[in-house]
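Student: My questions all concern the structure below.
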Number of protein chains: 2
Amino acid sequence: MNSHVIDAIKNRRSIREYTDAPVPRDQLYAIIEAGSWAPSGLNNQPWRFVTITDGTIKEHLAKLTQYSHIIMAAPALIAVYLDTALMYDTVKDIQSAGACIQNMLLAAEAIDLAGVWLGQILKNMGQVNAVLGLPDTYDLMAILAFGYPEHHNQSSTRKSIEEFLIKEL
Amino acid sequence: MNSHVIDAIKNRRSIREYTDAPVPRDQLYAIIEAGSWAPSGLNNQPWRFVTITDGTIKEHLAKLTQYSHIIMAAPALIAVYLDTALMYDTVKDIQSAGACIQNMLLAAEAIDLAGVWLGQILKNMGQVNAVLGLPDTYDLMAILAFGYPEHHNQSSTRKSIEEFLIKEL
C-alpha cells in the first residue's frame, strides 16, 4: 500500500501562478523521463518533446492562445507531440499521449514544481509547429507550463462514484 | 520531493498473471476514484466505468479479443468509456481518457493490485457494448484487467531522453 501515490493523484492541481525561479534543465528531463514511462500500444513510445524557456519563443507562442498570460508567466514549457511516423492507431496513440502527460504532471509535483495542461492552443497547432521549427509530421498534443508554484491552494471537485459508475456486472 | 511517486511511475508494469483472489469492490471503487482525479478539458469529467467480475460476462468479452486468456485470468475488469453526451473535443477527451487510465493503473499498484490496459478489443467496441448492455452513446476507450499479481518481474524498456527530446529552445 503506497498512500503517497493515491494522495499525489488526488492532490495534483492545475497551477497557473509561478515564482520567477527558473526550472533547471535536469528537472525538465526528469519530467520527460516520467512521461516516457507511460504505457503505449505495442510499446511504440510515440511521444516527442520540445522544452522552451526562451523568452522570444514564449512571446510568439503566447500570441496563439487565449491563455497567453500563463505562457508568459511559466518559466518553462514542454510541448508534447506525437511523431506521426511512429503512430499505429490514432485513438490509442492519443490516449497514450494523455497517459504520458498525466505522468508528467504528477512527476512535476513530486519534484516540487507545479504545472498546467494547456489544450486551447491546439487550434493553432500549425502555427505552433512553425514557431518551434517543426515539420507537420509532429502532431501537437498539448503544451504544459511548469514552474515553482506561488501557491497550491487551487481547489477542484469531482463527481461522486455513483455518477461515474454506470454498471457493476 | 516525493520520490515514491517517481518510483511508482517508473516501476509500474503491465501485469497479466494474477492470483485467484477476488478484488474487493472497495478496491475497484478506489481505482475509479483515482481515475476521476485526472484533468479534463473544462473539467467535463467525461469518463464512465463498468466493473465486471461475473464469469459469464467475462466469457462473452473474451470472445471479442485475441487476449481472451487475460480477460479470463483477471478477477476483475473495468471498462472505461467516454460519455459522448459530455464530450467537447474529440482529441482532448480521448487524451483525458488516457490520463484517467494512467491514474487507474498507478492507483492499482499503489493498493497492491496490478493490471494491464487492453486496447485490442476496441475493434469490437459495438459488440462489447452489446454484451454490457450499453447504448452506443458510450464510446469504449479500454478494458483494464486487474488482480493481485502473481509476480512483478515483467521487464520493460524506454528510449533515452535524447531520442524523445526533439529540441531545447
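Residue names in the C-alpha cells use chain letters A, B, ... in the order shown, residue numbers from 1 in each chain, and ligand numbers from 1 in the order shown.
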Would you give me, as JSON lines, each residue of chain A having an atom within 6 Å of an atom of chain B, along with its shortest atom pair and that distance in Å to one decimal, using only C-alpha atoms and sorting by chain and residue number?

Tutor:
```
{"residue": "A:Met1", "atom": "CA", "partner": "B:Ile111", "partner_atom": "CA", "distance": 4.6}
{"residue": "A:Asn2", "atom": "CA", "partner": "B:Ala110", "partner_atom": "CA", "distance": 4.6}
{"residue": "A:Val5", "atom": "CA", "partner": "B:Val5", "partner_atom": "CA", "distance": 5.4}
{"residue": "A:Ile6", "atom": "CA", "partner": "B:Ala107", "partner_atom": "CA", "distance": 6.0}
{"residue": "A:Lys10", "atom": "CA", "partner": "B:Trp37", "partner_atom": "CA", "distance": 5.7}
{"residue": "A:Trp37", "atom": "CA", "partner": "B:Lys10", "partner_atom": "CA", "distance": 5.7}
{"residue": "A:Arg48", "atom": "CA", "partner": "B:Phe164", "partner_atom": "CA", "distance": 4.8}
{"residue": "A:Phe49", "atom": "CA", "partner": "B:Leu165", "partner_atom": "CA", "distance": 4.9}
{"residue": "A:Val50", "atom": "CA", "partner": "B:Lys167", "partner_atom": "CA", "distance": 4.9}
{"residue": "A:Thr51", "atom": "CA", "partner": "B:Glu168", "partner_atom": "CA", "distance": 4.8}
{"residue": "A:Ile52", "atom": "CA", "partner": "B:Leu169", "partner_atom": "CA", "distance": 4.6}
{"residue": "A:Asp54", "atom": "CA", "partner": "B:Leu169", "partner_atom": "CA", "distance": 5.9}
{"residue": "A:Ile94", "atom": "CA", "partner": "B:Gln95", "partner_atom": "CA", "distance": 5.6}
{"residue": "A:Gln95", "atom": "CA", "partner": "B:Gly98", "partner_atom": "CA", "distance": 4.1}
{"residue": "A:Ser96", "atom": "CA", "partner": "B:Gly98", "partner_atom": "CA", "distance": 5.7}
{"residue": "A:Gly98", "atom": "CA", "partner": "B:Gln95", "partner_atom": "CA", "distance": 4.1}
{"residue": "A:Ala99", "atom": "CA", "partner": "B:Ala99", "partner_atom": "CA", "distance": 4.3}
{"residue": "A:Gln102", "atom": "CA", "partner": "B:Ala99", "partner_atom": "CA", "distance": 5.1}
{"residue": "A:Ala107", "atom": "CA", "partner": "B:Ile6", "partner_atom": "CA", "distance": 6.0}
{"residue": "A:Ala110", "atom": "CA", "partner": "B:Asn2", "partner_atom": "CA", "distance": 4.6}
{"residue": "A:Ile111", "atom": "CA", "partner": "B:Met1", "partner_atom": "CA", "distance": 4.6}
{"residue": "A:Asp112", "atom": "CA", "partner": "B:Met1", "partner_atom": "CA", "distance": 5.7}
{"residue": "A:Phe164", "atom": "CA", "partner": "B:Arg48", "partner_atom": "CA", "distance": 4.8}
{"residue": "A:Leu165", "atom": "CA", "partner": "B:Phe49", "partner_atom": "CA", "distance": 4.8}
{"residue": "A:Ile166", "atom": "CA", "partner": "B:Val50", "partner_atom": "CA", "distance": 5.6}
{"residue": "A:Lys167", "atom": "CA", "partner": "B:Val50", "partner_atom": "CA", "distance": 4.9}
{"residue": "A:Glu168", "atom": "CA", "partner": "B:Thr51", "partner_atom": "CA", "distance": 4.8}
{"residue": "A:Leu169", "atom": "CA", "partner": "B:Ile52", "partner_atom": "CA", "distance": 4.7}
```

Student: Could you turn the residues from that selection into a file that holds C-alpha atoms, as a PDB file, in the first residue's frame?

Tutor:
```
ATOM      1  CA  MET A   1       0.000   0.000   0.000  1.00  0.00           C
ATOM      2  CA  ASN A   2       1.534   3.254  -1.144  1.00  0.00           C
ATOM      3  CA  VAL A   5       0.728   7.788  -4.840  1.00  0.00           C
ATOM      4  CA  ILE A   6      -3.006   7.958  -4.172  1.00  0.00           C
ATOM      5  CA  LYS A  10      -5.878  13.357  -5.632  1.00  0.00           C
ATOM      6  CA  TRP A  37       7.216   5.553 -18.659  1.00  0.00           C
ATOM      7  CA  ARG A  48       8.251  13.594 -28.521  1.00  0.00           C
ATOM      8  CA  PHE A  49       9.011  16.757 -26.619  1.00  0.00           C
ATOM      9  CA  VAL A  50      10.283  20.296 -27.048  1.00  0.00           C
ATOM     10  CA  THR A  51      11.402  22.241 -23.989  1.00  0.00           C
ATOM     11  CA  ILE A  52      11.007  26.019 -24.160  1.00  0.00           C
ATOM     12  CA  ASP A  54      13.440  31.257 -24.356  1.00  0.00           C
ATOM     13  CA  ILE A  94      -3.764   9.948 -28.451  1.00  0.00           C
ATOM     14  CA  GLN A  95      -4.743   8.062 -25.277  1.00  0.00           C
ATOM     15  CA  SER A  96      -1.100   7.253 -24.622  1.00  0.00           C
ATOM     16  CA  GLY A  98      -2.776  11.598 -22.256  1.00  0.00           C
ATOM     17  CA  ALA A  99      -1.180   8.934 -20.071  1.00  0.00           C
ATOM     18  CA  GLN A 102      -0.539  12.707 -16.641  1.00  0.00           C
ATOM     19  CA  ALA A 107       6.157  13.958 -11.649  1.00  0.00           C
ATOM     20  CA  ALA A 110       6.673  15.160  -6.975  1.00  0.00           C
ATOM     21  CA  ILE A 111       9.775  17.287  -7.578  1.00  0.00           C
ATOM     22  CA  ASP A 112       8.169  20.380  -6.022  1.00  0.00           C
ATOM     23  CA  PHE A 164     -19.156   7.671 -12.831  1.00  0.00           C
ATOM     24  CA  LEU A 165     -20.050   4.004 -12.365  1.00  0.00           C
ATOM     25  CA  ILE A 166     -22.659   3.001 -14.948  1.00  0.00           C
ATOM     26  CA  LYS A 167     -22.958  -0.662 -14.024  1.00  0.00           C
ATOM     27  CA  GLU A 168     -21.468  -3.336 -11.801  1.00  0.00           C
ATOM     28  CA  LEU A 169     -21.652  -6.693 -13.563  1.00  0.00           C
TER      29      LEU A 169
END
```

Student: Taking the chain letters and numbering used in this document, name the residues of range 4-169 of chain B that DSSP puts in strand (DSSP E or B), as a ChimeraX atom specification.

Tutor: /B:14,18,47-52,76-83,114-118,138-147,149,165-168

Student: What separation in Å, quoted to one decimal, exists between CA of Val23 in chain B and CA of Met72 in chain B?

Tutor: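 We find that CA of Val23 in chain B and CA of Met72 in chain B lie 14.1 Å from each other.
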
Student: Taking the DSSP assignment computed from this structure's backbone, write out as a count of residues only all residues of range 20-164 of chain B that belong to helix (DSSP H, G or I).

Tutor: 70
